[in-house]
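Written below as C-alpha cells is the structure these notes are about.
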Amino acid sequence: MNEAQPLVIIENLKKYFPISSGLVFQKKAGSVRAVDGISFSIAKGETLGLVGESGCGKTTAGRTILNLYPPTAGKITIDDQEINTENKPDLKEFRRKTAMIFQDPYASLNPRWTVSAIVSEPLRVHKLFKNEKERTERVNHLLNLVGLSSRLINRFPHEFSGGQRQRIGVARALASDPLFIVCDEPISALDVSIQAQVVNLLEDLQDQFGLTYLFIAHDLSMVRHICDRVAVMYLGVIVELAERNELYENPLHPYTQALLSAVPIPDPKRDRERRRIILSGDVPSPINPPSGCRFHPRCSVAFERCKVDIPEWLEEAPGHWVACHLYTNP
Amino acid sequence: MTDAEVVTTKIPRLSQDEIESPPLTLSQLTWRRFRRHKMAMFGGVVLILLFLYSALGSIILPESYANFTDTNLRLQAPTSKHPFGTDAVGRDILARTIYGGQISLLIGLTAVIIETVAGVLIGAAAGYYGGWLDAVLMRITEAMLNIPEIFLLIVMAKEFGGKIPSVSLFGREFSGSVVVIVMIIGLTSWMYLARIVRAEFLSLKENDFVLAARSTGTSNSGIIFKHILPNSMAPIIVSATLGVANAILAEAYISFLGLGVQPPTATWGNMLDGANSYLESAPWLWFFPGMLILLTVLSINFLGDGMRDALDPHSRAV
Amino acid sequence: MDSISKPLLQVEDLRTRFHIPEGTVYAVNGISFVINEGETLAVVGESGCGKSVTMLSIMGLIPIPPGEIVSGKAIFRDKDLIHISEKEFEQLRGEALAMIFQDPMTSLNPVLTIGRQITETLRTHLSVSQEEAEKIAVELLERVGIPEASSRLGAYPHQFSGGMRQRVMIAMALSCNPSLLIADEPTTALDVTIQAQIVELVLKLREQFHMTIIWITHDLGVVAGLADRVIVMYAGFIVEEALVDDLYGNPRHPYTLALLGALPRVDRRRDRRLNSIPGAPPNLLVEPHSCPFAPRCTHVIERCWVENPPLKAIAPNHKTACWVELNDTSIGTS
C-alpha cells in the first residue's frame, strides 16, 4: 500500500438542522444534531461502510459529505479539493468528480424523463461531449456497462423493475466518470435475489474503474461482504471504525457488539448457538442526545464516567478506532 | 436468450423477453383514461363546435354585417332571415354572437395565458426557494386573494379602460378595452394557481430525483423548469382549462356592469348587458348569448373534470 | 417438536386471482399446506411470490372484486374459512385467529388511543366491563414490555416508536388468546436491534401462550431463528417445504439453493462473490403452465418448460416441486 494522500478526508463534520417554533415569527428553538462531529478518511479504490440504525445520521452524513446539505462545521476534502463552512468552493468540478446512488429506485429517477435524458444529464451539465451523437454513444456504453440493453434508451422509468431502475441510477452515477461515489442504501429496497445482482455490479465497476465508495447501509451482513473497512454510527457520532474482519470478529464497543449479535444468521444451528445481547429501550432523539457517552442509557456495562465525559476517539489496535470509556485511560 | 450486443460477461444481462414491447407512455395512458370519461369527451366536442362556430362563422358573415344597424328591424323575434332575431338597434343577433364569441373566447384564452404564467412563476419561486421569498410572495398572494375579485375588476377597469390603444390580430381590430380586460382578468386570477403550484413544488422538491439532479450539478433553474415543472403539469393544465371558463364569466360580469368592451364591438357579455331592459319583452336578446356562455362554461367544466381524473397519478385505471 | 400434533389449519388447493384492467393477476396458484398446533411455520419468498395474498385470502381480507378466490379450502376448527359467512368470520377474527402486519402505523387507528383500541377488541370478543377490559389491557402491555403501561393507555399511536407500536399490535393480537397468530412481515420495517427485541418477545410469548404462529417474511435470517418448518414460495406456488434445519442444511429446490447462495453472512469471512439469480420474477399476468422458475434456473431441463412440477415429498417432512431432483446439496452450513 502506498502512502499517498487518501482520496476522501472528513474532519469533525457536523450537520445540525434548526428547529423553529412560533406561529407568526419562526424562532430557533434548538437543533436536530443529525451529524455531530465525525472524522474518517477513505483511500482511493477503497470501500468504506457506514452502518447504523435509523436516526444515527448516516444518510445525512452521506449527503453533507457531497455538500447536498451545507455543513454546519468541519472540513471535507475530496481529491485535494477542500470544502468547509468558510470558503465558497467551485462546486462544478466537485460535482463532476462525485456522484450518489440513492435508496429508492422509484423516487430517484424523474418519472417524466427518458432513460437517455436521465443518464446523460451529467454529460450535459458538465459539457463533457461535443454533440448529441457523442452523448448518445456514451449513454449506450453506460447502459451496457450496467447490464441494460441500449434499446431501452427511450423508455421511461415506470417501465422498469426496481432492480433495473437501480442500474439506471448506477449508470447515471458513472456518467461523468467520477472518482468517489456515495451509495446511500442502494440495495435496501430490492428483493434479495436482485440485491446480489446489484452488489456484484458495483464491485465489478469498482474493479474496472478504480472507484472509491462510501457504502451507507443498515444490512450488516451485506456490509461485511462488500466493504474493506467499516464505521459504526450511533446518534450522530462514530463509535467504532475498523478493518472489516477485525470489526466483525473483535467488536470493542458495546453498541457494535449488540448490533452484531442482533443480526439474524440464515443458519438455524449457528443461530441457536449464538449469544444475543438485547438492548433495552429505543434510540433517543437527536435533538437532545444523552450527556457524556450517547450510548450510556442503553449500555449494559455503563458506569459513572459514561454519563459525564464524552469518550475520546482512540486507536485501540492498529487501524481499529473506538470511542468508549472501557478503553480510555483513567 | 441474449441479444448480440457486446457487454462485459460478468454483469448479468437481461433476457430477450424482458425487453418487452414498450408499454404505453404516460401520455397514452392519460389519453386512454380521458377517453372513458363520457362527459369530458362530450364537453370537448361541444367546445370544438363552439370554436368552429366563431371561427368559421366569420367567414360566412362579415363583421360589418354584425355591426349593421337597421332600425326598421329593431327587436324582431327570430325569423328565417335573422335566426336569432335582432337587437335593440336592429343588428342581427346571430352574427353578433359569432363575433362576440371570438372576443369572449379570445379573452378567455389570453387571460388564462397571463394568469398561468404569473401563477406558475410565483408559485414555483415561493415553493422552491422558501424562506423570505416564499413569505413575501405568499403575503402578496394572500392580500390579493382577500380583495373581492369583482371589486378589483371594477377598479382596474375604471382605471385603465380607454387608456390602451387598439390591437390588430387575425385580421380584426380589437379595441384597447379588450387588452385591458385580458390584463385585468389575468392579473386577478393567478393567485389560486400560485398556491397550488407552490404546494406541488414544496412536496416535489423533497424527492430523490431532485437531490440526484443537485448532486449532478444541475442549476436551480434547470431543476425548477426541467425537473419539477414537468411533474406538476396536471394541476396546471386543469387550472388553465377551468380558468378559461372563469375568464369568460368574468368578462360577462364586467361587460354586464358596463365596464367591459364597449359596443358596437360585440361580446357575449355586453350583449347580455344590452338585453337588460328587454328581459321579458324580447327574451331572444339574452337567450342566445346566455346559452352560448352556458354551453361554453359547462363544456369547459366537463373537460376540466375529465382532465383532472385522467391526469391524476393516483388513479390506477388504464 | 412433538411427532404427533393436531393440525390447526389445513389449506387445500388455494387459488387467488385479481382482475385488473391490464388483465388477470395469478397471485396464488394452488397452495396446500398444514400447520399443526404449537408449531411455528415460516412462509418465505420475495415480493410478488404470493405469501401475503395467501394469508389475506385465508383471513377473508381480500377485496372481492377485484380479487377472486377461484378455489380452495382453509379448514380451521371444522369450518372452511374461505366459504364461511362474514358474520361467522367476525367472531373468529381476533378471538381464534389474529393477524399482525408490517406497518403498525397504518394498522393502528391514529385517532384513537391505544387503550381504547385494545379495550374495544376485548369487549367485542369477551363480555367484560370497561374497567375489567382496561385492567386486562394494562396487563397485556406489561407483558409485551411496554414500560409504565397504565399511563400509556391514554397515548396515541404516533407517540410510540416503531418498535413500541409493533409491541402494541402484538398485545392487541394476543388479547383474546387466539389459537393462531398470523404475522405478516412484522419486523421488516424495524431496525435490527429492535427486530431482535420483538423476536425475543415473540419467542417468550410463544412459550407462555403455547401459540401457533405463521410468520411471513422475505428474511431468511429471521426465519432461521424462529421457525420449526418453512415453506418457500415463488410466483404463487410452493416450491419447497421442510423442517428448518433441513431447508438450510439441505435445500432441494434450485430456487431455495440459489436464494441461500445470494445471502451474505455476518458471521463469516467473505469467501466468494454472491451468487446472484439472473433475470427477474415472472410476470404474474400470464397464467402459469410450466415451472415458474425455469427461465432463471441453472438446472433447468426440457420438461420444466412444458409442465409445472407438483409439490411432492422426497424425504420425510421434506417436499419440493421440481422435476430435477437435486441430490444432497449440503451446503456446508456450520
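Naming works like this for the C-alpha cells: A, B, ... for the chains as they're shown, residue 1 at the start of each chain, ligands 1 onward in shown order.
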
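The list of residues with at least one atom within 8 Å of region 265-272 of chain A, based on only C-alpha atoms and without residues fewer than 6 positions apart in the same chain, reads Leu220, Gly221, Val222, Val223, Ala224, Gly225, Val244, Asp245, Tyr248, Gly249, Leu260, Arg265, Val266, Asp267, Thr333 and Ser334 of chain C.
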
Residue set, region 18-226 of chain A restricted to alpha helix (DSSP H), as a VMD selection string
chain A and resid 58 to 65 91 to 97 115 to 125 132 to 145 162 to 174 192 to 209 220 to 226

At a cut-off of 10 Å, can you tabulate as CSV every residue of chain A near chain C together with its closest atom pair and the distance in Å to one decimal, using only C-alpha atoms and ordering rows by chain then number?
```
residue,atom,partner,partner_atom,distance
A:Gly52,CA,C:Asp191,CA,9.0
A:Glu53,CA,C:Asp191,CA,5.8
A:Ser54,CA,C:Asp191,CA,6.6
A:Ser161,CA,C:Ala280,CA,8.6
A:Gly163,CA,C:Ala280,CA,8.6
A:Gln164,CA,C:Ala280,CA,9.6
A:Leu190,CA,C:Ser47,CA,9.0
A:Asp191,CA,C:Glu46,CA,5.9
A:Val192,CA,C:Glu46,CA,7.0
A:Ser193,CA,C:Ile277,CA,5.6
A:Ile194,CA,C:Ser276,CA,7.0
A:Gln195,CA,C:Ser276,CA,7.9
A:Ala196,CA,C:Ser276,CA,4.9
A:Gln197,CA,C:Ser276,CA,5.1
A:Val198,CA,C:Ser276,CA,8.7
A:Val199,CA,C:Leu274,CA,8.2
A:Asn200,CA,C:Leu274,CA,7.1
A:Glu203,CA,C:Arg273,CA,9.4
A:His218,CA,C:Asp191,CA,8.1
A:Asp219,CA,C:Val192,CA,8.4
A:Leu220,CA,C:Val266,CA,6.4
A:Ser221,CA,C:Val266,CA,4.2
A:Met222,CA,C:Pro264,CA,5.5
A:Val223,CA,C:Val266,CA,8.4
A:Arg224,CA,C:Val266,CA,6.3
A:His225,CA,C:Arg270,CA,5.6
A:Ile226,CA,C:Arg270,CA,8.4
A:Arg244,CA,C:Arg269,CA,9.1
A:Asn245,CA,C:Arg269,CA,6.8
A:Tyr248,CA,C:Asp267,CA,7.5
A:Glu249,CA,C:Asp267,CA,8.0
A:Tyr255,CA,C:Thr193,CA,9.9
A:Ala258,CA,C:Thr193,CA,7.5
A:Leu259,CA,C:Thr193,CA,6.1
A:Leu260,CA,C:Val266,CA,7.6
A:Ser261,CA,C:Thr193,CA,8.6
A:Ala262,CA,C:Ala196,CA,5.5
A:Val263,CA,C:Val192,CA,6.3
A:Pro264,CA,C:Gly221,CA,4.4
A:Ile265,CA,C:Gly221,CA,4.6
A:Pro266,CA,C:Gly221,CA,3.9
A:Asp267,CA,C:Ala224,CA,5.7
A:Pro268,CA,C:Ala224,CA,4.5
A:Lys269,CA,C:Ser334,CA,7.0
A:Arg270,CA,C:Ser334,CA,6.3
A:Asp271,CA,C:Gly225,CA,5.9
A:Arg272,CA,C:Gly225,CA,6.9
A:Arg276,CA,C:Ala196,CA,8.5
A:Ile277,CA,C:Ala196,CA,9.0
A:Ile278,CA,C:Gln197,CA,6.3
A:Leu279,CA,C:Thr193,CA,6.8
A:Ser280,CA,C:Gln197,CA,8.0
A:Gly281,CA,C:Ile194,CA,8.6
A:Asp282,CA,C:Ser161,CA,7.5
A:Val283,CA,C:Ser161,CA,9.1
```

Taking 6 positions as the minimum chain separation for residues in the same chain, which residues sit within 9 Å of Val167 (chain B) when counting only C-alpha atoms? Answer as a tab-separated table (two decimals) with C-alpha atoms, in the first residue's frame.
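Output contents, as saved in selection_11.tsv:
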```tsv
chain	number	residue	atom	x	y	z
B	173	GLU	CA	-59.20	45.22	-34.99
B	174	PHE	CA	-59.57	44.75	-31.25
B	175	SER	CA	-60.20	47.81	-29.18
B	176	GLY	CA	-57.88	48.63	-26.34
B	178	VAL	CA	-60.14	44.04	-24.87
B	179	VAL	CA	-56.48	44.18	-23.91
```

Pick from B:Ile48, B:Arg32, B:Glu280, B:Ser221, whichever lies nearest to chain C using only C-alpha atoms
B:Arg32

Provide the CA of Val111 (chain C) to CA of Ile170 (chain C) distance in Å, to one decimal place.
19.1 Å

Neighbours of Trp268 (chain B) within 12 Å (only C-alpha atoms; same-chain residues fewer than 2 positions away dropped), as a PyMOL selection string?
chain B and resi 54+93-108+248-256+260-263+265-266+270-275+285-294+296

Go ahead and write the selection's residues with C-alpha atoms as a PDB file, in the first residue's frame.
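Dumped to selection15.pdb:
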```
ATOM      1  CA  SER B  54     -66.977  31.518 -34.000  1.00  0.00           C
ATOM      2  CA  ILE B  93     -78.001  38.696 -33.127  1.00  0.00           C
ATOM      3  CA  LEU B  94     -76.683  35.557 -34.811  1.00  0.00           C
ATOM      4  CA  ALA B  95     -73.860  37.459 -36.420  1.00  0.00           C
ATOM      5  CA  ARG B  96     -73.126  39.263 -33.189  1.00  0.00           C
ATOM      6  CA  THR B  97     -72.897  36.024 -31.294  1.00  0.00           C
ATOM      7  CA  ILE B  98     -70.340  34.829 -33.809  1.00  0.00           C
ATOM      8  CA  TYR B  99     -68.151  37.885 -33.431  1.00  0.00           C
ATOM      9  CA  GLY B 100     -68.898  38.184 -29.802  1.00  0.00           C
ATOM     10  CA  GLY B 101     -67.821  34.601 -29.421  1.00  0.00           C
ATOM     11  CA  GLN B 102     -64.490  35.373 -30.984  1.00  0.00           C
ATOM     12  CA  ILE B 103     -63.821  38.041 -28.439  1.00  0.00           C
ATOM     13  CA  SER B 104     -65.146  36.163 -25.456  1.00  0.00           C
ATOM     14  CA  LEU B 105     -63.159  33.074 -26.332  1.00  0.00           C
ATOM     15  CA  LEU B 106     -60.075  35.117 -27.153  1.00  0.00           C
ATOM     16  CA  ILE B 107     -60.332  36.896 -23.829  1.00  0.00           C
ATOM     17  CA  GLY B 108     -60.735  33.560 -22.123  1.00  0.00           C
ATOM     18  CA  ILE B 248     -65.337  34.115 -19.889  1.00  0.00           C
ATOM     19  CA  LEU B 249     -67.644  34.567 -16.936  1.00  0.00           C
ATOM     20  CA  ALA B 250     -65.513  37.406 -15.598  1.00  0.00           C
ATOM     21  CA  GLU B 251     -65.783  39.151 -18.933  1.00  0.00           C
ATOM     22  CA  ALA B 252     -69.526  38.711 -18.792  1.00  0.00           C
ATOM     23  CA  TYR B 253     -69.680  40.287 -15.334  1.00  0.00           C
ATOM     24  CA  ILE B 254     -67.601  43.277 -16.292  1.00  0.00           C
ATOM     25  CA  SER B 255     -69.451  43.849 -19.503  1.00  0.00           C
ATOM     26  CA  PHE B 256     -72.764  43.462 -17.764  1.00  0.00           C
ATOM     27  CA  GLY B 260     -66.070  45.955 -20.357  1.00  0.00           C
ATOM     28  CA  VAL B 261     -65.687  46.008 -24.101  1.00  0.00           C
ATOM     29  CA  GLN B 262     -67.836  48.810 -25.447  1.00  0.00           C
ATOM     30  CA  PRO B 263     -70.385  48.398 -28.259  1.00  0.00           C
ATOM     31  CA  THR B 265     -67.901  45.570 -30.736  1.00  0.00           C
ATOM     32  CA  ALA B 266     -69.890  42.613 -29.537  1.00  0.00           C
ATOM     33  CA  ASN B 270     -72.092  43.113 -23.404  1.00  0.00           C
ATOM     34  CA  MET B 271     -74.890  41.520 -25.354  1.00  0.00           C
ATOM     35  CA  LEU B 272     -76.338  40.442 -22.044  1.00  0.00           C
ATOM     36  CA  ASP B 273     -75.946  43.991 -20.812  1.00  0.00           C
ATOM     37  CA  GLY B 274     -77.808  45.251 -23.852  1.00  0.00           C
ATOM     38  CA  ALA B 275     -80.639  42.850 -23.075  1.00  0.00           C
ATOM     39  CA  LEU B 285     -81.717  39.215 -26.756  1.00  0.00           C
ATOM     40  CA  TRP B 286     -80.337  37.447 -23.723  1.00  0.00           C
ATOM     41  CA  PHE B 287     -81.244  33.882 -24.522  1.00  0.00           C
ATOM     42  CA  PHE B 288     -78.754  33.221 -27.301  1.00  0.00           C
ATOM     43  CA  PRO B 289     -75.645  34.830 -25.847  1.00  0.00           C
ATOM     44  CA  GLY B 290     -76.629  33.398 -22.461  1.00  0.00           C
ATOM     45  CA  MET B 291     -76.959  29.891 -23.870  1.00  0.00           C
ATOM     46  CA  LEU B 292     -73.630  30.182 -25.561  1.00  0.00           C
ATOM     47  CA  ILE B 293     -71.934  31.271 -22.359  1.00  0.00           C
ATOM     48  CA  LEU B 294     -73.642  28.447 -20.530  1.00  0.00           C
ATOM     49  CA  THR B 296     -69.052  27.074 -23.158  1.00  0.00           C
TER      50      THR B 296
END
```

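The interatomic distance for the pair CA of Val308 (chain A) and CA of Ile38 (chain A) works out to 20.0 Å.
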
Can you measure CA of Ile181 (chain A) to CA of Pro111 (chain A) for me? One decimal in Å is fine.
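Computing it gives 23.1 Å between the two atoms.
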
Counting only C-alpha atoms, which residues of chain A sit at most 6 Å from some atom of chain B, and what is each one's closest atom pair with its distance in Å to one decimal, listed by chain and rising residue number, as JSON lines?
```
{"residue": "A:Arg95", "atom": "CA", "partner": "B:Gly217", "partner_atom": "CA", "distance": 5.5}
{"residue": "A:Ala107", "atom": "CA", "partner": "B:Asp208", "partner_atom": "CA", "distance": 5.4}
{"residue": "A:Ser108", "atom": "CA", "partner": "B:Phe209", "partner_atom": "CA", "distance": 4.1}
{"residue": "A:Leu109", "atom": "CA", "partner": "B:Phe209", "partner_atom": "CA", "distance": 5.1}
{"residue": "A:Asn110", "atom": "CA", "partner": "B:Phe209", "partner_atom": "CA", "distance": 5.5}
{"residue": "A:Pro122", "atom": "CA", "partner": "B:Thr216", "partner_atom": "CA", "distance": 5.6}
{"residue": "A:Asn144", "atom": "CA", "partner": "B:Val7", "partner_atom": "CA", "distance": 5.9}
{"residue": "A:Gly147", "atom": "CA", "partner": "B:Arg13", "partner_atom": "CA", "distance": 5.1}
```

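Among the candidates B:Thr71, B:Thr30, B:Asn276, B:Thr241, the one nearest to Ile113 (chain B) when counting only C-alpha atoms is B:Thr241.
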
I need the strand (DSSP E) residues of region 87-331 of chain C per DSSP on the backbone, written as a PyMOL selection string.
chain C and resi 97-100+180-184+212-217+229-234+237-243+312-315+318-320

Go ahead and save the picked residues with C-alpha atoms, as a compact mmCIF listing (two decimals), in the first residue's frame.
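Here's the written file out_5.txt:
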```txt
# COMPACT_ATOMS: atom_id res chain seq x y z
CA LEU C 97 -57.35 -16.02 14.58
CA ALA C 98 -55.28 -12.91 14.92
CA MET C 99 -53.10 -11.12 12.42
CA ILE C 100 -50.34 -8.56 12.77
CA LEU C 180 -53.48 -18.99 15.58
CA LEU C 181 -51.38 -15.87 15.08
CA ILE C 182 -50.52 -14.82 11.56
CA ALA C 183 -47.69 -12.32 11.37
CA ASP C 184 -47.15 -10.63 8.02
CA THR C 212 -49.24 -21.46 16.90
CA ILE C 213 -47.68 -18.97 14.55
CA ILE C 214 -47.49 -18.41 10.81
CA TRP C 215 -44.67 -15.95 10.14
CA ILE C 216 -44.47 -14.40 6.72
CA THR C 217 -41.21 -12.78 5.67
CA ARG C 229 -40.96 -25.57 9.49
CA VAL C 230 -40.54 -23.44 6.40
CA ILE C 231 -42.47 -23.03 3.17
CA VAL C 232 -40.74 -21.34 0.27
CA MET C 233 -42.99 -19.63 -2.26
CA TYR C 234 -42.31 -18.41 -5.77
CA PHE C 237 -46.55 -21.69 -5.86
CA ILE C 238 -44.95 -23.55 -3.00
CA VAL C 239 -41.59 -24.73 -4.29
CA GLU C 240 -40.20 -26.27 -1.14
CA GLU C 241 -41.40 -27.24 2.31
CA ALA C 242 -39.14 -28.62 5.02
CA LEU C 243 -38.15 -28.59 8.66
CA LYS C 312 -44.14 -33.90 -3.60
CA ALA C 313 -42.30 -35.49 -0.72
CA ILE C 314 -38.76 -36.53 -1.41
CA ALA C 315 -37.84 -37.30 2.20
CA HIS C 318 -39.33 -32.53 3.07
CA LYS C 319 -41.29 -31.67 -0.08
CA THR C 320 -40.19 -29.97 -3.23
```

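Compared by their closest atoms to chain B, and using only C-alpha atoms, the residues C:Lys73, C:Lys79, C:Arg123, C:Arg296 rank with C:Arg296 nearest.
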
Using only C-alpha atoms: which of A:Glu11, A:Asp36, A:Glu93, A:Asp104 has the shortest distance to Gly57 (chain A)
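So, comparing all the options, the nearest one is A:Asp36.
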
Which of these residues is nearest to His158 (chain C), using only C-alpha atoms: C:Glu90, C:Gly30, C:Met105, C:Phe293?
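Closest candidate: C:Met105.
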
Pick out the residues sitting within 8 Å of Leu122 (chain C), and hand them over as a list in words; count only C-alpha atoms, and ignore anything fewer than 5 positions along from it in its own chain.
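Listing them by chain and then by number gives Ser127, Val128, Ala133, Ser175 and Cys176 of chain C.
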
Please, could you write that set of residues out with C-alpha atoms as a PDB file, in the first residue's frame?
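Output file result11.pdb is given in full below:
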```
ATOM      1  CA  SER C 127     -68.034  -9.983  27.788  1.00  0.00           C
ATOM      2  CA  VAL C 128     -66.174  -7.755  30.186  1.00  0.00           C
ATOM      3  CA  ALA C 133     -61.031  -4.555  29.932  1.00  0.00           C
ATOM      4  CA  SER C 175     -55.603 -10.004  23.790  1.00  0.00           C
ATOM      5  CA  CYS C 176     -58.191 -12.656  23.186  1.00  0.00           C
TER       6      CYS C 176
END
```

Could you give me, as number ranges by chain, the residues within 12 Å of Glu315 (chain A), counting only C-alpha atoms and dropping anything in the same chain fewer than 6 positions from it?
A: 239-242, 252, 321-324, 327-328

Filtering to C-alpha atoms, could you give me those residues as a JSON list (two decimals), in the first residue's frame?
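Saved to selection_6.json:
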```json
[["chain", "number", "residue", "atom", "x", "y", "z"],
["A", 239, "VAL", "CA", -18.43, 4.84, 17.87],
["A", 240, "GLU", "CA", -16.12, 2.37, 16.18],
["A", 241, "LEU", "CA", -14.10, 2.06, 12.97],
["A", 242, "ALA", "CA", -12.01, -0.87, 11.89],
["A", 252, "LEU", "CA", -14.92, -3.43, 21.01],
["A", 321, "TRP", "CA", -10.59, 3.02, 16.49],
["A", 322, "VAL", "CA", -13.22, 3.20, 19.21],
["A", 323, "ALA", "CA", -14.87, 5.82, 21.42],
["A", 324, "CYS", "CA", -15.67, 4.12, 24.71],
["A", 327, "TYR", "CA", -10.74, 1.72, 26.69],
["A", 328, "THR", "CA", -9.91, 5.29, 27.64]]
```
